[in-house]
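Trainee: Take a look at run36.tsv, TSV, C-alpha atoms:
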chain	number	residue	atom	x	y	z
A	1430	MET	CA	12.77	27.23	-9.82
A	1431	LYS	CA	11.83	24.63	-7.22
A	1432	ASN	CA	8.49	22.87	-7.22
A	1433	ALA	CA	7.05	23.09	-3.70
A	1434	TYR	CA	4.67	20.52	-2.24
A	1435	ARG	CA	2.68	20.42	0.99
A	1436	ILE	CA	2.94	17.02	2.66
A	1437	ALA	CA	0.80	15.84	5.57
A	1438	ALA	CA	2.81	13.39	7.69
A	1439	ILE	CA	0.77	11.04	9.90
A	1440	PRO	CA	3.25	8.75	11.68
A	1441	GLY	CA	0.48	7.07	13.69
A	1442	ASP	CA	1.45	4.19	15.96
A	1443	GLY	CA	4.32	1.85	16.76
A	1444	ILE	CA	7.12	1.69	14.23
A	1445	GLY	CA	5.10	4.03	12.01
A	1446	VAL	CA	6.61	6.90	13.97
A	1447	GLU	CA	10.14	5.59	13.42
A	1448	VAL	CA	9.91	4.85	9.71
A	1449	VAL	CA	8.03	8.03	8.78
A	1450	GLU	CA	10.72	10.14	10.45
A	1451	ALA	CA	13.35	8.15	8.55
A	1452	GLY	CA	11.41	8.68	5.33
A	1453	LEU	CA	11.18	12.43	5.87
A	1454	GLU	CA	14.91	12.59	6.60
A	1455	VAL	CA	15.69	10.83	3.32
A	1456	LEU	CA	13.29	13.06	1.39
A	1457	GLU	CA	14.94	16.16	2.87
A	1458	ALA	CA	18.37	14.87	1.84
A	1459	LEU	CA	17.12	14.10	-1.66
A	1460	SER	CA	15.56	17.54	-1.98
A	1461	GLY	CA	18.79	19.19	-0.92
A	1462	HIS	CA	20.82	17.07	-3.33
A	1463	LEU	CA	18.68	17.70	-6.41
A	1464	GLY	CA	17.48	21.21	-5.63
A	1465	SER	CA	14.50	20.77	-7.96
A	1466	PHE	CA	11.75	20.37	-5.38
A	1467	ALA	CA	10.94	21.27	-1.81
A	1468	LEU	CA	8.59	19.72	0.72
A	1469	GLU	CA	6.66	21.66	3.32
A	1470	VAL	CA	5.79	19.01	5.90
A	1471	GLU	CA	3.11	19.29	8.56
A	1472	ARG	CA	2.98	16.51	11.15
A	1473	PHE	CA	-0.27	15.27	12.68
A	1474	ASP	CA	-0.43	13.40	15.99
A	1475	TRP	CA	-3.36	11.26	14.89
A	1476	GLY	CA	-3.35	7.72	16.22
A	1477	SER	CA	-4.03	5.48	19.19
A	1478	GLU	CA	-2.41	7.81	21.72
A	1479	ARG	CA	-4.83	10.55	20.71
A	1480	TYR	CA	-7.69	8.03	20.90
A	1481	ARG	CA	-6.78	7.16	24.48
A	1482	ARG	CA	-6.57	10.84	25.33
A	1483	GLU	CA	-9.57	12.25	23.47
A	1484	GLY	CA	-11.69	9.31	22.34
A	1485	ARG	CA	-10.97	9.93	18.63
A	1486	PHE	CA	-8.06	8.94	16.41
A	1487	MET	CA	-8.31	12.21	14.49
A	1488	PRO	CA	-10.51	15.32	14.59
A	1489	GLU	CA	-14.00	15.05	13.18
A	1490	ASP	CA	-12.97	17.26	10.26
A	1491	GLY	CA	-9.64	15.44	9.81
A	1492	ALA	CA	-10.20	14.22	6.27
A	1493	ASP	CA	-11.32	17.68	5.16
A	1494	ARG	CA	-8.21	19.24	6.68
A	1495	LEU	CA	-6.08	16.95	4.51
A	1496	ARG	CA	-7.60	18.27	1.29
A	1497	ALA	CA	-5.25	21.26	1.41
A	1498	PHE	CA	-2.18	19.04	0.96
A	1499	ASP	CA	-0.54	17.64	-2.17
A	1500	ALA	CA	0.05	14.21	-0.64
A	1501	ILE	CA	-0.13	12.29	2.64
A	1502	LEU	CA	2.67	10.15	4.11
A	1503	PHE	CA	1.14	7.67	6.54
A	1504	GLY	CA	2.96	5.35	8.94
A	1505	ALA	CA	0.70	2.82	10.64
A	1506	VAL	CA	-2.23	2.58	13.01
A	1507	GLY	CA	-2.97	-0.01	15.66
A	1508	ALA	CA	-2.04	-0.71	19.26
A	1509	PRO	CA	-2.26	-3.84	21.43
A	1510	ASP	CA	-4.75	-2.26	23.84
A	1511	VAL	CA	-7.07	-0.80	21.17
A	1512	PRO	CA	-9.37	-3.08	19.13
A	1513	ASP	CA	-8.16	-3.23	15.54
A	1514	HIS	CA	-11.53	-2.46	14.02
A	1515	LEU	CA	-11.65	0.80	15.96
A	1516	SER	CA	-8.20	1.92	14.83
A	1517	LEU	CA	-8.69	0.94	11.18
A	1518	TRP	CA	-12.07	2.62	10.82
A	1519	GLY	CA	-11.07	5.50	13.07
A	1520	LEU	CA	-8.07	6.61	11.02
A	1521	ARG	CA	-6.94	4.86	7.84
A	1522	LEU	CA	-10.34	4.11	6.33
A	1523	ALA	CA	-11.65	7.39	7.70
A	1524	ILE	CA	-9.14	9.05	5.35
A	1525	CYS	CA	-9.30	6.74	2.32
A	1526	GLN	CA	-13.07	6.70	1.91
A	1527	PRO	CA	-13.97	10.41	2.13
A	1528	LEU	CA	-10.97	11.34	-0.04
A	1529	ASP	CA	-12.06	8.72	-2.58
A	1530	GLN	CA	-8.66	7.03	-2.73
A	1531	PHE	CA	-10.20	4.12	-4.57
A	1532	ALA	CA	-7.09	2.59	-6.14
A	1533	ASN	CA	-4.66	0.88	-3.78
A	1534	VAL	CA	-1.47	0.07	-5.69
A	1535	ARG	CA	1.09	-2.36	-4.28
A	1536	PRO	CA	4.21	-3.09	-6.38
A	1537	THR	CA	6.07	-6.27	-5.49
A	1538	ARG	CA	9.46	-7.37	-6.73
A	1539	ILE	CA	12.60	-8.94	-5.36
A	1540	LEU	CA	15.04	-6.11	-4.69
A	1541	PRO	CA	18.81	-6.60	-5.19
A	1542	GLY	CA	20.44	-8.53	-2.36
A	1543	ILE	CA	17.15	-9.93	-1.06
A	1544	THR	CA	16.27	-13.60	-1.41
A	1545	SER	CA	12.75	-14.88	-1.93
A	1546	PRO	CA	11.65	-17.81	0.27
A	1547	LEU	CA	10.58	-19.48	-2.99
A	1548	ARG	CA	13.34	-21.83	-4.09
A	1549	GLY	CA	14.96	-20.85	-7.36
A	1550	VAL	CA	12.88	-17.70	-7.84
A	1551	GLY	CA	14.79	-14.54	-8.72
A	1552	PRO	CA	14.04	-10.93	-9.65
A	1553	GLU	CA	13.24	-11.88	-13.23
A	1554	ASP	CA	10.49	-14.23	-11.99
A	1555	LEU	CA	8.64	-11.98	-9.54
A	1556	ASP	CA	7.78	-8.45	-10.64
A	1557	TRP	CA	4.13	-7.70	-9.94
A	1558	VAL	CA	1.78	-4.82	-9.28
A	1559	ILE	CA	-1.35	-5.64	-7.30
A	1560	VAL	CA	-4.29	-3.25	-7.73
A	1561	ARG	CA	-6.75	-3.36	-4.86
A	1562	GLU	CA	-10.22	-1.83	-5.02
A	1563	ASN	CA	-10.04	0.46	-2.01
A	1564	SER	CA	-13.49	1.97	-1.46
A	1565	GLU	CA	-16.19	-0.69	-1.36
A	1566	GLY	CA	-16.53	-4.47	-1.55
A	1567	GLU	CA	-15.95	-6.40	1.64
A	1568	TYR	CA	-14.72	-3.27	3.47
A	1569	SER	CA	-17.65	-1.06	2.58
A	1570	GLY	CA	-18.67	-0.74	6.23
A	1571	GLN	CA	-22.21	-1.98	5.70
A	1572	GLY	CA	-23.73	-4.36	8.25
A	1573	GLY	CA	-24.45	-4.52	11.94
A	1574	ARG	CA	-25.12	-6.55	15.06
A	1575	SER	CA	-28.31	-7.17	16.96
A	1576	HIS	CA	-29.48	-9.20	19.98
A	1577	ARG	CA	-26.02	-8.76	21.48
A	1578	GLY	CA	-25.07	-11.32	24.09
A	1579	LEU	CA	-28.08	-13.52	23.46
A	1580	PRO	CA	-27.93	-17.03	21.99
A	1581	HIS	CA	-29.53	-15.74	18.80
A	1582	GLU	CA	-27.12	-12.81	18.37
A	1583	VAL	CA	-26.76	-11.79	14.73
A	1584	ALA	CA	-23.83	-10.14	12.95
A	1585	THR	CA	-24.00	-9.15	9.28
A	1586	GLU	CA	-21.14	-7.98	7.07
A	1587	LEU	CA	-22.28	-6.90	3.63
A	1588	SER	CA	-20.04	-6.77	0.58
A	1589	VAL	CA	-21.18	-3.91	-1.62
A	1590	PHE	CA	-20.13	-3.90	-5.28
A	1591	THR	CA	-21.35	-1.15	-7.59
A	1592	ARG	CA	-21.01	-1.06	-11.35
A	1593	GLY	CA	-19.33	2.34	-11.08
A	1594	GLY	CA	-16.87	1.19	-8.42
A	1595	VAL	CA	-15.89	-2.02	-10.19
A	1596	GLU	CA	-15.65	-0.42	-13.60
A	1597	ARG	CA	-13.36	2.38	-12.49
A	1598	ILE	CA	-10.91	0.06	-10.72
A	1599	MET	CA	-10.99	-2.36	-13.64
A	1600	ARG	CA	-10.25	0.42	-16.11
A	1601	PHE	CA	-7.45	1.70	-13.87
A	1602	ALA	CA	-5.94	-1.81	-13.74
A	1603	PHE	CA	-6.12	-2.30	-17.51
A	1604	GLU	CA	-4.47	1.08	-18.07
A	1605	LEU	CA	-1.73	0.24	-15.59
A	1606	ALA	CA	-1.17	-3.13	-17.26
A	1607	ARG	CA	-0.96	-1.38	-20.63
A	1608	SER	CA	1.79	0.90	-19.28
A	1609	ARG	CA	3.96	-2.05	-18.24
A	1610	GLN	CA	6.23	-3.97	-20.58
A	1611	ARG	CA	4.33	-7.26	-20.56
A	1612	ARG	CA	0.85	-5.71	-20.98
A	1613	GLN	CA	-0.70	-8.53	-18.99
A	1614	LEU	CA	-3.49	-8.47	-16.39
A	1615	THR	CA	-4.94	-11.15	-14.12
A	1616	VAL	CA	-8.42	-10.52	-12.69
A	1617	VAL	CA	-8.99	-12.28	-9.36
A	1618	THR	CA	-12.47	-13.09	-8.06
A	1619	LYS	CA	-14.38	-15.85	-6.27
A	1620	SER	CA	-17.30	-15.96	-8.66
A	1621	ASN	CA	-17.96	-19.67	-8.29
A	1622	ALA	CA	-19.16	-19.15	-4.71
A	1623	GLN	CA	-19.98	-15.42	-4.59
A	1624	ARG	CA	-22.49	-15.47	-7.38
A	1625	TYR	CA	-23.61	-11.85	-7.36
A	1626	GLY	CA	-20.85	-9.34	-6.63
A	1627	MET	CA	-18.03	-11.44	-8.00
A	1628	VAL	CA	-19.96	-12.39	-11.12
A	1629	LEU	CA	-20.43	-8.65	-11.66
A	1630	TRP	CA	-16.63	-8.34	-11.47
A	1631	ASP	CA	-16.23	-11.01	-14.13
A	1632	GLU	CA	-18.76	-9.38	-16.42
A	1633	ILE	CA	-17.28	-5.90	-16.10
A	1634	ALA	CA	-13.76	-7.26	-16.65
A	1635	ALA	CA	-14.92	-8.75	-19.96
A	1636	GLU	CA	-16.61	-5.49	-20.95
A	1637	VAL	CA	-13.65	-3.26	-20.09
A	1638	GLY	CA	-11.21	-5.71	-21.64
A	1639	GLN	CA	-12.75	-5.05	-25.04
A	1640	ASP	CA	-11.41	-1.49	-24.83
A	1641	PHE	CA	-7.86	-2.80	-24.31
A	1642	PRO	CA	-7.20	-5.24	-27.16
A	1643	ASP	CA	-3.45	-4.79	-26.62
A	1644	VAL	CA	-3.65	-6.12	-23.04
A	1645	LYS	CA	-3.65	-9.88	-22.55
A	1646	TRP	CA	-5.80	-10.79	-19.58
A	1647	ASP	CA	-7.04	-13.84	-17.75
A	1648	LYS	CA	-8.99	-14.53	-14.59
A	1649	MET	CA	-8.39	-16.66	-11.51
A	1650	LEU	CA	-10.32	-17.73	-8.45
A	1651	VAL	CA	-8.63	-16.28	-5.39
A	1652	ASP	CA	-7.81	-19.64	-3.81
A	1653	ALA	CA	-6.20	-20.88	-7.03
A	1654	MET	CA	-4.36	-17.57	-7.23
A	1655	THR	CA	-2.41	-18.33	-4.05
A	1656	VAL	CA	-1.17	-21.52	-5.70
A	1657	ARG	CA	-0.18	-19.70	-8.89
A	1658	MET	CA	1.66	-16.99	-6.94
A	1659	THR	CA	3.81	-19.55	-5.16
A	1660	LEU	CA	4.30	-22.16	-7.89
A	1661	ASP	CA	4.36	-20.05	-11.05
A	1662	PRO	CA	5.20	-16.45	-10.12
A	1663	ALA	CA	6.73	-15.66	-13.51
A	1664	SER	CA	3.32	-16.10	-15.14
A	1665	LEU	CA	1.96	-13.00	-13.38
A	1666	ASP	CA	2.42	-9.27	-13.92
A	1667	THR	CA	-0.44	-6.89	-13.08
A	1668	ILE	CA	-3.18	-8.19	-10.77
A	1669	VAL	CA	-6.54	-6.67	-9.81
A	1670	ALA	CA	-8.83	-7.88	-7.03
A	1671	SER	CA	-11.44	-6.75	-4.55
A	1672	ASN	CA	-10.68	-5.01	-1.27
A	1673	LEU	CA	-10.43	-8.16	0.87
A	1674	HIS	CA	-8.89	-10.48	-1.71
A	1675	ALA	CA	-6.17	-8.03	-2.74
A	1676	ASP	CA	-5.45	-7.18	0.89
A	1677	ILE	CA	-4.63	-10.82	1.58
A	1678	LEU	CA	-2.83	-11.50	-1.70
A	1679	SER	CA	-0.60	-8.45	-1.37
A	1680	ASP	CA	0.66	-9.57	2.05
A	1681	LEU	CA	1.46	-12.97	0.54
A	1682	ALA	CA	3.21	-11.17	-2.31
A	1683	ALA	CA	5.31	-9.14	0.14
A	1684	ALA	CA	6.38	-12.27	1.97
A	1685	LEU	CA	7.29	-13.97	-1.30
A	1686	SER	CA	9.47	-11.00	-2.25
A	1687	GLY	CA	11.54	-11.48	0.90
A	1688	SER	CA	9.95	-9.39	3.64
A	1689	ILE	CA	6.85	-7.39	4.41
A	1690	GLY	CA	9.32	-4.77	5.66
A	1691	VAL	CA	10.14	-3.67	2.10
A	1692	ALA	CA	6.58	-3.47	0.72
A	1693	PRO	CA	5.11	-0.06	-0.25
A	1694	THR	CA	1.57	1.11	-0.95
A	1695	ALA	CA	-0.15	4.02	-2.64
A	1696	ASN	CA	-3.79	4.87	-1.93
A	1697	LEU	CA	-4.57	6.84	-5.06
A	1698	ASN	CA	-7.28	9.23	-6.10
A	1699	PRO	CA	-6.54	8.90	-9.83
A	1700	ALA	CA	-8.67	11.94	-10.65
A	1701	ARG	CA	-6.43	13.98	-8.30
A	1702	SER	CA	-9.46	15.77	-6.90
A	1703	THR	CA	-8.06	15.03	-3.42
A	1704	PRO	CA	-4.57	14.16	-2.18
A	1705	SER	CA	-3.41	10.56	-2.36
A	1706	MET	CA	-1.96	8.74	0.65
A	1707	PHE	CA	1.24	6.70	0.69
A	1708	GLU	CA	2.09	4.11	3.35
A	1709	PRO	CA	4.26	1.07	4.02
A	1710	ILE	CA	2.12	-2.02	4.48
A	1711	HIS	CA	3.89	-3.59	7.47
A	1712	GLY	CA	1.64	-2.13	10.17
A	1713	SER	CA	2.58	-0.81	13.60
A	1714	ALA	CA	4.63	-3.90	14.70
A	1715	PHE	CA	4.58	-3.18	18.43
A	1716	ASP	CA	6.78	-6.22	19.06
A	1717	ILE	CA	9.77	-4.26	17.74
A	1718	THR	CA	8.65	-0.70	18.50
A	1719	GLY	CA	11.38	1.35	20.14
A	1720	LYS	CA	14.13	-1.17	19.40
A	1721	GLY	CA	15.45	0.78	16.42
A	1722	VAL	CA	15.40	-2.23	14.09
A	1723	ALA	CA	12.33	-1.50	11.93
A	1724	ASN	CA	13.07	-1.79	8.24
A	1725	PRO	CA	12.57	1.67	6.67
A	1726	ILE	CA	12.92	0.40	3.07
A	1727	ALA	CA	9.14	0.06	2.64
A	1728	THR	CA	8.74	3.71	3.62
A	1729	PHE	CA	11.54	4.83	1.30
A	1730	TRP	CA	9.96	2.93	-1.61
A	1731	THR	CA	6.61	4.44	-0.63
A	1732	ALA	CA	8.22	7.89	-0.69
A	1733	SER	CA	9.51	7.17	-4.19
A	1734	MET	CA	5.96	6.33	-5.27
A	1735	MET	CA	4.78	9.60	-3.74
A	1736	LEU	CA	7.39	11.56	-5.70
A	1737	GLU	CA	6.38	9.77	-8.89
A	1738	HIS	CA	2.75	10.68	-8.27
A	1739	LEU	CA	3.73	14.32	-7.70
A	1740	GLY	CA	5.50	14.38	-11.06
A	1741	GLU	CA	9.03	14.36	-9.64
A	1742	THR	CA	10.11	11.44	-11.79
A	1743	GLU	CA	13.86	12.10	-11.61
A	1744	ALA	CA	13.76	12.33	-7.83
A	1745	ALA	CA	11.68	9.14	-7.63
A	1746	ALA	CA	14.15	7.27	-9.82
A	1747	ARG	CA	17.15	8.57	-7.83
A	1748	LEU	CA	15.59	7.41	-4.58
A	1749	MET	CA	14.74	3.99	-5.99
A	1750	ALA	CA	18.29	3.59	-7.28
A	1751	ALA	CA	19.65	4.46	-3.82
A	1752	ILE	CA	17.30	1.93	-2.21
A	1753	GLU	CA	18.51	-0.82	-4.53
A	1754	THR	CA	22.14	0.09	-3.89
A	1755	VAL	CA	21.55	-0.30	-0.16
A	1756	THR	CA	19.53	-3.54	-0.26
A	1757	ALA	CA	22.27	-5.09	-2.42
A	1758	ASP	CA	24.61	-4.77	0.59
A	1759	ALA	CA	23.85	-7.52	3.14
A	1760	ALA	CA	25.49	-5.39	5.83
A	1761	CYS	CA	22.51	-3.04	5.49
A	1762	HIS	CA	19.87	-5.71	6.09
A	1763	THR	CA	17.64	-5.32	9.15
A	1764	PRO	CA	16.58	-8.38	11.22
A	1765	ASP	CA	13.50	-9.08	9.06
A	1766	LEU	CA	15.95	-9.76	6.22
A	1767	GLY	CA	18.25	-11.85	8.42
A	1768	GLY	CA	20.70	-9.03	9.15
A	1769	ARG	CA	21.75	-6.89	12.10
A	1770	ALA	CA	21.42	-3.37	10.70
A	1771	THR	CA	19.34	-0.78	12.49
A	1772	THR	CA	16.81	1.69	11.15
A	1773	ARG	CA	19.46	4.39	11.54
A	1774	ASP	CA	22.06	2.33	9.66
A	1775	VAL	CA	19.78	1.84	6.66
A	1776	THR	CA	18.66	5.47	6.64
A	1777	GLN	CA	22.22	6.77	6.67
A	1778	ALA	CA	23.21	4.29	3.96
A	1779	VAL	CA	20.42	5.48	1.67
A	1780	ILE	CA	21.35	9.11	2.26
A	1781	ALA	CA	24.98	8.28	1.46
A	1782	ALA	CA	23.90	6.46	-1.70
A	1783	LEU	CA	21.90	9.51	-2.79
Will you turn the file into structure tokens for me?
Mentor:
Amino acid sequence: MKNAYRIAAIPGDGIGVEVVEAGLEVLEALSGHLGSFALEVERFDWGSERYRREGRFMPEDGADRLRAFDAILFGAVGAPDVPDHLSLWGLRLAICQPLDQFANVRPTRILPGITSPLRGVGPEDLDWVIVRENSEGEYSGQGGRSHRGLPHEVATELSVFTRGGVERIMRFAFELARSRQRRQLTVVTKSNAQRYGMVLWDEIAAEVGQDFPDVKWDKMLVDAMTVRMTLDPASLDTIVASNLHADILSDLAAALSGSIGVAPTANLNPARSTPSMFEPIHGSAFDITGKGVANPIATFWTASMMLEHLGETEAAARLMAAIETVTADAACHTPDLGGRATTRDVTQAVIAAL
């Protein structure tokens, strides 16, 4: 008997539309091949086009409407003529925060056939998972502006760190590190300069670490972490950091693995009280929108993470194996990887590999 899942597809803007459609095509092929699960997909036209038309990126009750689904497949949001802070807070964060998707998980490794820009670094040297606190910190949305346009105009941006928020992401990261072969965690902060919130991070890491004696952990300042990622990548495994720090580090990680076009993300509600959201991290990339050359690998890997989260472990593994078969073939590399393949070429190759 097939397991059936309701999936909300939000292609959004730019190449998000192209890669989400490719992802859904691959998932349909995989479902037909295995016969063990089925996806009932509902598409939502939420994004910048809707904002231009109606003044909102999604309906006021949009997040609540998503609660009825088992998972969300998200493309990208952002357009050249719409301020980025409006699109981010109008759609992506407007979903993540009310659905309490507090754990952003970004695996990074060098896939077969892809070369890291780091000289002499291979797949055995770079295999990380970055855990990003996804609900508070620097992106908590607290702050404001006053005296606009005057010489004494003031803008405040408050980083909010709560014991509950830090402890739950820290515990999630330690548990994830424990599940991986190396059982190693690096906690990233900036506690030398940010002496309140980041010191709280350090203190809670030490407290939670006592509950995981089998996990080896250390801590790094975020600026030193960029050096370690580039000069000693093999020393890292699982990484946890605040909303802003992990956002930046994970883009660096994607670049070091060969291309941001292959990097996936899961926005998880670990308690599963609401659906989790899965998205490639490359953004809307309007410079290549409509050209048919967007790399869909990040979306396919994201789809594999979604299947894993849904409990379809065999399907997730099959899809990941197909992805690696395709990336190993240089003829299937899109321009971001130095090749000439199109989105359609890669999609068909993955379906054939399945």
Trainee: At what distance in Å, to one decimal, does CA of Asn1533 in chain A lie from CA of Leu1520 in chain A?
Mentor: 16.2 Å
Trainee: Tell me which of A:Ala1606, A:Leu1766, A:Leu1587, A:Val1669 sits closest to Val1560 in chain A, counting only C-alpha atoms.
Mentor: A:Val1669
Trainee: Using 4 Å of padding on each side, determine the axis-aligned box around all atoms of range 1622-1630 of chain A present in the file and give its centre and edge lengths in Å to one decimal, as lines of an AutoDock Vina configuration file.
Mentor:
center_x = -20.1
center_y = -13.7
center_z = -8.1
size_x = 15.0
size_y = 18.8
size_z = 15.1
Trainee: Anything within 10 Å of (6.2, -14.5, -10.1): list those residues as a list in words, counting all atoms listed in the file and sticking to the file's coordinates.
Mentor: Thr1537, Arg1538, Ile1539, Leu1547, Val1550, Gly1551, Pro1552, Glu1553, Asp1554, Leu1555, Asp1556, Trp1557, Arg1657, Met1658, Thr1659, Leu1660, Asp1661, Pro1662, Ala1663, Ser1664, Leu1665, Asp1666, Ala1682, Leu1685 and Ser1686 of chain A
Trainee: Counting only C-alpha atoms, which residue out of A:Asp1631, A:Asp1474, A:Asp1529, A:Glu1489 sits closest to Glu1596 in chain A?
Mentor: A:Asp1631
Trainee: For each of A:Asp1513, A:Glu1604, A:Asp1680, A:Glu1562, take the minimum atom-to-atom distance to Ala1532 in chain A, counting only C-alpha atoms, then give the residue where this is smallest.
Mentor: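 Looking only at the distances to Ala1532 in chain A, the closest residue turns out to be A:Glu1562.
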Trainee: For a test of reading the model, state the distance in Å between CA of Thr1615 in chain A and CA of Asp1647 in chain A, rounded to one decimal.
Mentor: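 Pair CA of Thr1615 in chain A / CA of Asp1647 in chain A returns 5.0 Å.
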Trainee: At a cut-off of 8 Å, using all atoms listed in the file, what residues contact Ala1670 in chain A? Leave out same-chain residues fewer than 4 positions from it and give the result as a PDB file with C-alpha atoms, in the frame of the given file.
Mentor:
ATOM      1  CA  ILE A1559      -1.350  -5.640  -7.300  1.00  0.00           C
ATOM      2  CA  VAL A1560      -4.290  -3.250  -7.730  1.00  0.00           C
ATOM      3  CA  ARG A1561      -6.750  -3.360  -4.860  1.00  0.00           C
ATOM      4  CA  GLU A1562     -10.220  -1.830  -5.020  1.00  0.00           C
ATOM      5  CA  VAL A1616      -8.420 -10.520 -12.690  1.00  0.00           C
ATOM      6  CA  VAL A1617      -8.990 -12.280  -9.360  1.00  0.00           C
ATOM      7  CA  THR A1618     -12.470 -13.090  -8.060  1.00  0.00           C
ATOM      8  CA  HIS A1674      -8.890 -10.480  -1.710  1.00  0.00           C
ATOM      9  CA  ALA A1675      -6.170  -8.030  -2.740  1.00  0.00           C
TER      10      ALA A1675
END
Trainee: What does the distance between CA of Val1775 in chain A and CA of Ile1710 in chain A come to in Å, to one decimal place?
Mentor: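 Distance between the two atoms: 18.2 Å.
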Trainee: Would you list the contacts of Pro1704 in chain A as an mmCIF file with C-alpha atoms, in the coordinates of the input, taking every protein, DNA or RNA residue within 10 Å and counting only C-alpha atoms, but skipping same-chain residues closer than 5 positions in sequence?
Mentor:
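For reference, part_26.cif as written:
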data_model
loop_
_atom_site.group_PDB
_atom_site.id
_atom_site.type_symbol
_atom_site.label_atom_id
_atom_site.label_comp_id
_atom_site.auth_asym_id
_atom_site.auth_seq_id
_atom_site.Cartn_x
_atom_site.Cartn_y
_atom_site.Cartn_z
ATOM 1 C CA ILE A 1436 2.940 17.020 2.660
ATOM 2 C CA ALA A 1437 0.800 15.840 5.570
ATOM 3 C CA LEU A 1495 -6.080 16.950 4.510
ATOM 4 C CA ARG A 1496 -7.600 18.270 1.290
ATOM 5 C CA ALA A 1497 -5.250 21.260 1.410
ATOM 6 C CA PHE A 1498 -2.180 19.040 0.960
ATOM 7 C CA ASP A 1499 -0.540 17.640 -2.170
ATOM 8 C CA ALA A 1500 0.050 14.210 -0.640
ATOM 9 C CA ILE A 1501 -0.130 12.290 2.640
ATOM 10 C CA CYS A 1525 -9.300 6.740 2.320
ATOM 11 C CA LEU A 1528 -10.970 11.340 -0.040
ATOM 12 C CA ASP A 1529 -12.060 8.720 -2.580
ATOM 13 C CA GLN A 1530 -8.660 7.030 -2.730
ATOM 14 C CA ASN A 1696 -3.790 4.870 -1.930
ATOM 15 C CA LEU A 1697 -4.570 6.840 -5.060
ATOM 16 C CA ASN A 1698 -7.280 9.230 -6.100
ATOM 17 C CA PRO A 1699 -6.540 8.900 -9.830
ATOM 18 C CA LEU A 1739 3.730 14.320 -7.700
#
Trainee: Please determine the residues with any atom at most 10 Å from (6.2, -3.5, 20.4) (coordinates as given in the file, with only C-alpha atoms counting) and report them as a ChimeraX atom specification.
Mentor: /A:1443-1444,1508-1509,1713-1720
Trainee: Might you pull out every residue within 10 Å of Phe1590 in chain A, with only C-alpha atoms counted and same-chain residues fewer than 4 positions away left off, and present them as a list in words?
Mentor: Ser1564, Glu1565, Gly1566, Glu1567, Ser1569, Gly1594, Val1595, Tyr1625, Gly1626, Met1627, Leu1629, Trp1630 and Ser1671 of chain A
Trainee: Looking at all atoms listed in the file, which of A:Met1706, A:Leu1456, A:Leu1463, A:Leu1673 is the one that sits closest to Ile1439 in chain A?
Mentor: A:Met1706
Trainee: From the list A:Val1628, A:Val1722, A:Leu1468, A:Ala1653, which residue is nearest Ala1438 in chain A when using all atoms listed in the file?
Mentor: A:Leu1468
Trainee: Point out the residue among A:Ser1688, A:Pro1709, A:Tyr1568, A:His1581 with the least atom-to-atom distance to Asn1672 in chain A, counting all atoms listed in the file.
Mentor: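 Distance minimum relative to Asn1672 in chain A lands on A:Tyr1568.
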Trainee: Residues at most 10 Å from Ala1746 in chain A, counting all atoms listed in the file, excluding those fewer than 5 positions away in the same chain, as a list in words?
Mentor: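 My list of contacting residues is Ser1733, Met1734, Leu1736, Glu1737, Glu1741, Ala1751 and Ile1752 of chain A.
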Trainee: Could you give me, as JSON, numbers by chain, the residues within 12 Å of Pro1764 in chain A, counting only C-alpha atoms and dropping anything in the same chain fewer than 4 positions from it?
Mentor: {"A": [1687, 1688, 1689, 1690, 1717, 1720, 1721, 1722, 1723, 1724, 1725, 1759, 1760, 1768, 1769, 1770, 1771, 1772, 1775]}
